[in-house]
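Enquirer: First, the structure itself, so that you have it in front of you.
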Amino acid sequence: MSLQAYQSAAQRAENPREAEYRLFGQVTRALMEAAQADPTDFKTRIDALDWNRRLWSALATDCSDPGNAMPVQARAQIISLSIWVARHTSAVMRKEEDIQDLIDINRLIMQGLSGGAPAEAA
């Protein structure tokens with residue numbers, strides 16, 4: 001079985017929570033690599049930061065949908081985190097803040113998605 005076929009089968013077998021965990025793992029890994037990249041490697045850093053911001057923006061958009069079945073308070077908290085991520089990302093891009101805070105937030109979300117076990121970027 002080819003790697004692509006395996007990945008496709010694995011994705012079909014995932015529930016939404018597992019898919020979200022996997023996506024957060026991929027984005028968080030990209031942020032971690034960006035944090036370790038050469039300071040002159042702007043592309044790696046900006047690509048990871050943009051991907052993370054787009055992930056959080058998509059979560060906020062989903063949570064703002066009145067048809068979303070999550071509790072209202074949880075949806076509001078995710079929207080608030082998304083706003084914070086957007087602002088903090090801009091500050092990181094301006095070199096006013098550290099990327100580690102974004103990594104830490106993502107790891108906390110991954111921990112919640114996994115049922116409480118400490119999360120490492122997949």
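In the structure tokens, each chain is lettered A, B, ... as it comes, each chain's residues begin at 1, and ligands are numbered from 1 in order of appearance.
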I'd like the neighbourhood of Gln26 (chain A) as JSON, numbers by chain, where a residue qualifies if any of its atoms comes within 12 Å (using only C-alpha atoms), though same-chain residues fewer than 4 positions away should be ignored.
Expert: {"A": [19, 20, 21, 22, 30, 31, 32, 33, 48, 51, 52, 55, 103, 106, 107, 110, 120, 121, 122]}
Enquirer: Next, dump the selected residues to file, keeping only C-alpha atoms, as a PDB file, in the first residue's frame.
Expert:
ATOM      1  CA  ALA A  19      -8.591  15.274  12.558  1.00  0.00           C
ATOM      2  CA  GLU A  20      -8.414  18.519  14.558  1.00  0.00           C
ATOM      3  CA  TYR A  21      -5.693  17.040  16.778  1.00  0.00           C
ATOM      4  CA  ARG A  22      -3.707  15.951  13.715  1.00  0.00           C
ATOM      5  CA  ALA A  30       5.635  24.033  11.691  1.00  0.00           C
ATOM      6  CA  LEU A  31       5.697  26.726  14.399  1.00  0.00           C
ATOM      7  CA  MET A  32       8.355  24.794  16.324  1.00  0.00           C
ATOM      8  CA  GLU A  33      10.483  24.464  13.187  1.00  0.00           C
ATOM      9  CA  ALA A  48       4.074  28.810   9.815  1.00  0.00           C
ATOM     10  CA  TRP A  51      -0.927  28.761   8.648  1.00  0.00           C
ATOM     11  CA  ASN A  52      -1.544  28.970  12.392  1.00  0.00           C
ATOM     12  CA  LEU A  55      -6.357  27.643  11.398  1.00  0.00           C
ATOM     13  CA  ILE A 103       3.119  26.917  20.399  1.00  0.00           C
ATOM     14  CA  ASN A 106      -1.744  25.026  20.446  1.00  0.00           C
ATOM     15  CA  ARG A 107      -0.333  22.366  22.761  1.00  0.00           C
ATOM     16  CA  MET A 110      -4.135  19.483  21.615  1.00  0.00           C
ATOM     17  CA  GLU A 120       3.580  16.864  21.744  1.00  0.00           C
ATOM     18  CA  ALA A 121       3.454  18.071  18.161  1.00  0.00           C
ATOM     19  CA  ALA A 122       2.657  15.028  16.055  1.00  0.00           C
TER      20      ALA A 122
END
Enquirer: Env of region 82-93 of chain A: 12 Å cut, atoms = only C-alpha atoms, seq-sep filter 2 positions within chain, self excluded. Answer as a PyMOL selection string.
Expert: chain A and resi 31+34-35+39+42-64+75-80+95-106+109
Enquirer: I need the chosen residues saved as a compact mmCIF listing (two decimals), in the first residue's frame, with C-alpha atoms.
Expert:
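File written: result16.txt
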# COMPACT_ATOMS: atom_id res chain seq x y z
CA LEU A 31 5.70 26.73 14.40
CA ALA A 34 10.03 28.19 12.51
CA ALA A 35 11.15 28.98 16.05
CA PRO A 39 16.60 34.23 11.89
CA PHE A 42 11.59 34.71 6.92
CA LYS A 43 9.66 32.39 4.62
CA THR A 44 9.63 29.48 7.09
CA ARG A 45 8.58 31.76 9.93
CA ILE A 46 5.89 33.67 8.02
CA ASP A 47 4.46 30.50 6.42
CA ALA A 48 4.07 28.81 9.82
CA LEU A 49 2.61 31.91 11.45
CA ASP A 50 0.17 32.42 8.58
CA TRP A 51 -0.93 28.76 8.65
CA ASN A 52 -1.54 28.97 12.39
CA ARG A 53 -3.51 32.21 12.04
CA ARG A 54 -5.63 30.71 9.24
CA LEU A 55 -6.36 27.64 11.40
CA TRP A 56 -7.55 29.82 14.27
CA SER A 57 -9.54 32.03 11.92
CA ALA A 58 -11.32 28.96 10.53
CA LEU A 59 -12.11 27.81 14.07
CA ALA A 60 -13.55 31.23 14.94
CA THR A 61 -15.65 31.25 11.78
CA ASP A 62 -17.00 27.80 12.60
CA CYS A 63 -17.73 28.83 16.19
CA SER A 64 -19.61 31.93 15.05
CA ARG A 75 -17.48 28.77 21.24
CA ALA A 76 -16.96 32.26 22.71
CA GLN A 77 -13.69 31.17 24.32
CA ILE A 78 -12.39 29.80 21.02
CA ILE A 79 -13.34 33.03 19.25
CA SER A 80 -11.53 35.02 21.96
CA LYS A 95 9.51 40.73 16.55
CA GLU A 96 7.73 42.25 19.56
CA GLU A 97 6.58 38.90 20.99
CA ASP A 98 7.82 35.32 21.07
CA ILE A 99 6.48 32.50 18.92
CA GLN A 100 6.61 30.12 21.91
CA ASP A 101 3.32 31.50 23.27
CA LEU A 102 1.53 30.35 20.10
CA ILE A 103 3.12 26.92 20.40
CA ASP A 104 2.01 26.68 24.03
CA ILE A 105 -1.61 27.61 23.21
CA ASN A 106 -1.74 25.03 20.45
CA ILE A 109 -5.70 22.77 22.71
Enquirer: Extract the full set of helix (DSSP H, G or I) residues from region 23-71 of chain A according to DSSP on the backbone, and format it as a PyMOL selection string.
Expert: chain A and resi 23-36+42-63
Enquirer: What is the distance between CA of Gly67 (chain A) and CA of Pro16 (chain A), in Å to one decimal?
Expert: 16.4 Å
Enquirer: Interatomic distance between CA of Glu18 (chain A) and CA of Gln111 (chain A)?
Expert: 11.7 Å
Enquirer: Take CA of Val72 (chain A) and CA of Thr28 (chain A) and report the distance between them in Å, one decimal.
Expert: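 Between these atoms lies a distance of 26.2 Å.
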